[in-house]
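Peer 1: The structure that follows is given in the form of structure tokens.
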Amino acid sequence: MSPVRALVAAALATLGFARTATASPAQDYMLYCMGCHGAQAQGVPGKIPPLAGALARYMRLPAGRAYVLRVPGAANSVLSDAQLAAVLNWLATTYAPADETPPAAFSPEEVTRSRHTPLADVQATRREVVRELSASGPAPSLDY
């Protein structure tokens, strides 16, 4: 094999590997979410909502689950539906509120069904969902 053909074959093999290599949910969080939500998913007060201690609470009710999947950061993420489900499930487990029952995990199919329906008003939807969650148990703060 000529050196040029060998180089092309190596490049194609590398590209093929790059396409099949996958990151863990923790790595995907670090690459695609941590820049805004922080290293410990704590958010930025007044600007970016925390995921730590809050995400699992949203996941308790259908309205909360739909809200999480439709917020701009999730809905517009470059992550596939399966990757987004894995990251959210990892976050809900890693940063779960103490002494609360873990929520049902997101499936890739659930992400597919909800994520591409935009929210008309993110903050109004958040307030409505938090009120609904408050009526059934612990809820995230209305403020962030």
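Labels used: A, B, ... for chains in the order of the structure tokens, numbers from 1 for residues in each chain, and numbers from 1 for ligands as shown.
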Applying 7 Å and only C-alpha atoms, which residues near segment 68-78 of chain A remain after dropping the ones on its own chain fewer than 6 positions away? List them as an MDAnalysis selection string.
Peer 2: chainID A and resid 111 114:119 122
Peer 1: Would you put the residues from that selection into a file with C-alpha atoms, as a PDB file, in the first residue's frame?
Peer 2:
```pdb
ATOM      1  CA  VAL A 111     -37.178  12.981  25.326  1.00  0.00           C
ATOM      2  CA  SER A 114     -41.294  16.375  24.349  1.00  0.00           C
ATOM      3  CA  ARG A 115     -38.105  18.190  23.554  1.00  0.00           C
ATOM      4  CA  HIS A 116     -38.989  19.706  20.196  1.00  0.00           C
ATOM      5  CA  THR A 117     -42.186  21.448  21.343  1.00  0.00           C
ATOM      6  CA  PRO A 118     -41.017  24.949  22.312  1.00  0.00           C
ATOM      7  CA  LEU A 119     -42.183  26.689  25.471  1.00  0.00           C
ATOM      8  CA  VAL A 122     -40.312  29.606  30.089  1.00  0.00           C
TER       9      VAL A 122
END
```
Peer 1: Which residues come within 7 Å of Ile48 of chain A, counting only C-alpha atoms, excluding same-chain residues fewer than 4 positions away, as a PyMOL selection string?
Peer 2: chain A and resi 36-37+43-44+144
Peer 1: Write down as a ChimeraX atom specification the residues of chain A whose backbone DSSP state falls under helix (DSSP H, G or I).
Peer 2: /A:3-20,25-32,34-37,55-58,62-70,72-75,81-94,108-114,122-136
Peer 1: Near segment 91-104 of chain A, within 8 Å and counting only C-alpha atoms, which residues show up once chain neighbours fewer than 6 positions away are dropped, as a count of residues only?
Peer 2: 10
Peer 1: Could you name the residues that touch Val129 of chain A at 8 Å or less, counting only C-alpha atoms, but leaving out those on the same chain fewer than 3 positions away, as a ChimeraX atom specification?
Peer 2: /A:58,63-64,67,125-126,132-133
Peer 1: Keeping N, CA and C atoms, export the residues of the selection given above as a short mmCIF file (atom, residue, chain, number, x, y, z; two decimals), in the first residue's frame.
Peer 2:
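Result file follows (out-v2.cif):
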```
data_model
loop_
_atom_site.label_atom_id
_atom_site.label_comp_id
_atom_site.auth_asym_id
_atom_site.auth_seq_id
_atom_site.Cartn_x
_atom_site.Cartn_y
_atom_site.Cartn_z
N TYR A 58 -38.52 18.12 39.73
CA TYR A 58 -39.29 18.35 38.50
C TYR A 58 -39.72 17.03 37.88
N ALA A 63 -45.93 17.28 34.24
CA ALA A 63 -45.72 18.68 33.84
C ALA A 63 -44.27 19.10 34.08
N GLY A 64 -43.69 18.66 35.16
CA GLY A 64 -42.29 18.97 35.45
C GLY A 64 -41.34 18.30 34.49
N TYR A 67 -41.56 20.13 31.23
CA TYR A 67 -40.88 21.42 31.36
C TYR A 67 -39.37 21.25 31.20
N THR A 125 -44.21 29.14 32.64
CA THR A 125 -44.37 27.68 32.75
C THR A 125 -43.68 27.18 34.00
N ARG A 126 -42.49 27.71 34.28
CA ARG A 126 -41.77 27.31 35.49
C ARG A 126 -42.61 27.60 36.73
N GLU A 132 -47.57 23.51 41.02
CA GLU A 132 -48.13 22.15 40.97
C GLU A 132 -47.27 21.19 41.81
N LEU A 133 -45.98 21.31 41.71
CA LEU A 133 -45.09 20.46 42.52
C LEU A 133 -45.25 20.75 44.01
#
```
Peer 1: Go ahead and compute the interatomic distance for atom CA of Asp28 of chain A and atom CA of Leu79 of chain A, in Å to one decimal.
Peer 2: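 Rounded to one decimal, the two atoms are 8.1 Å apart.
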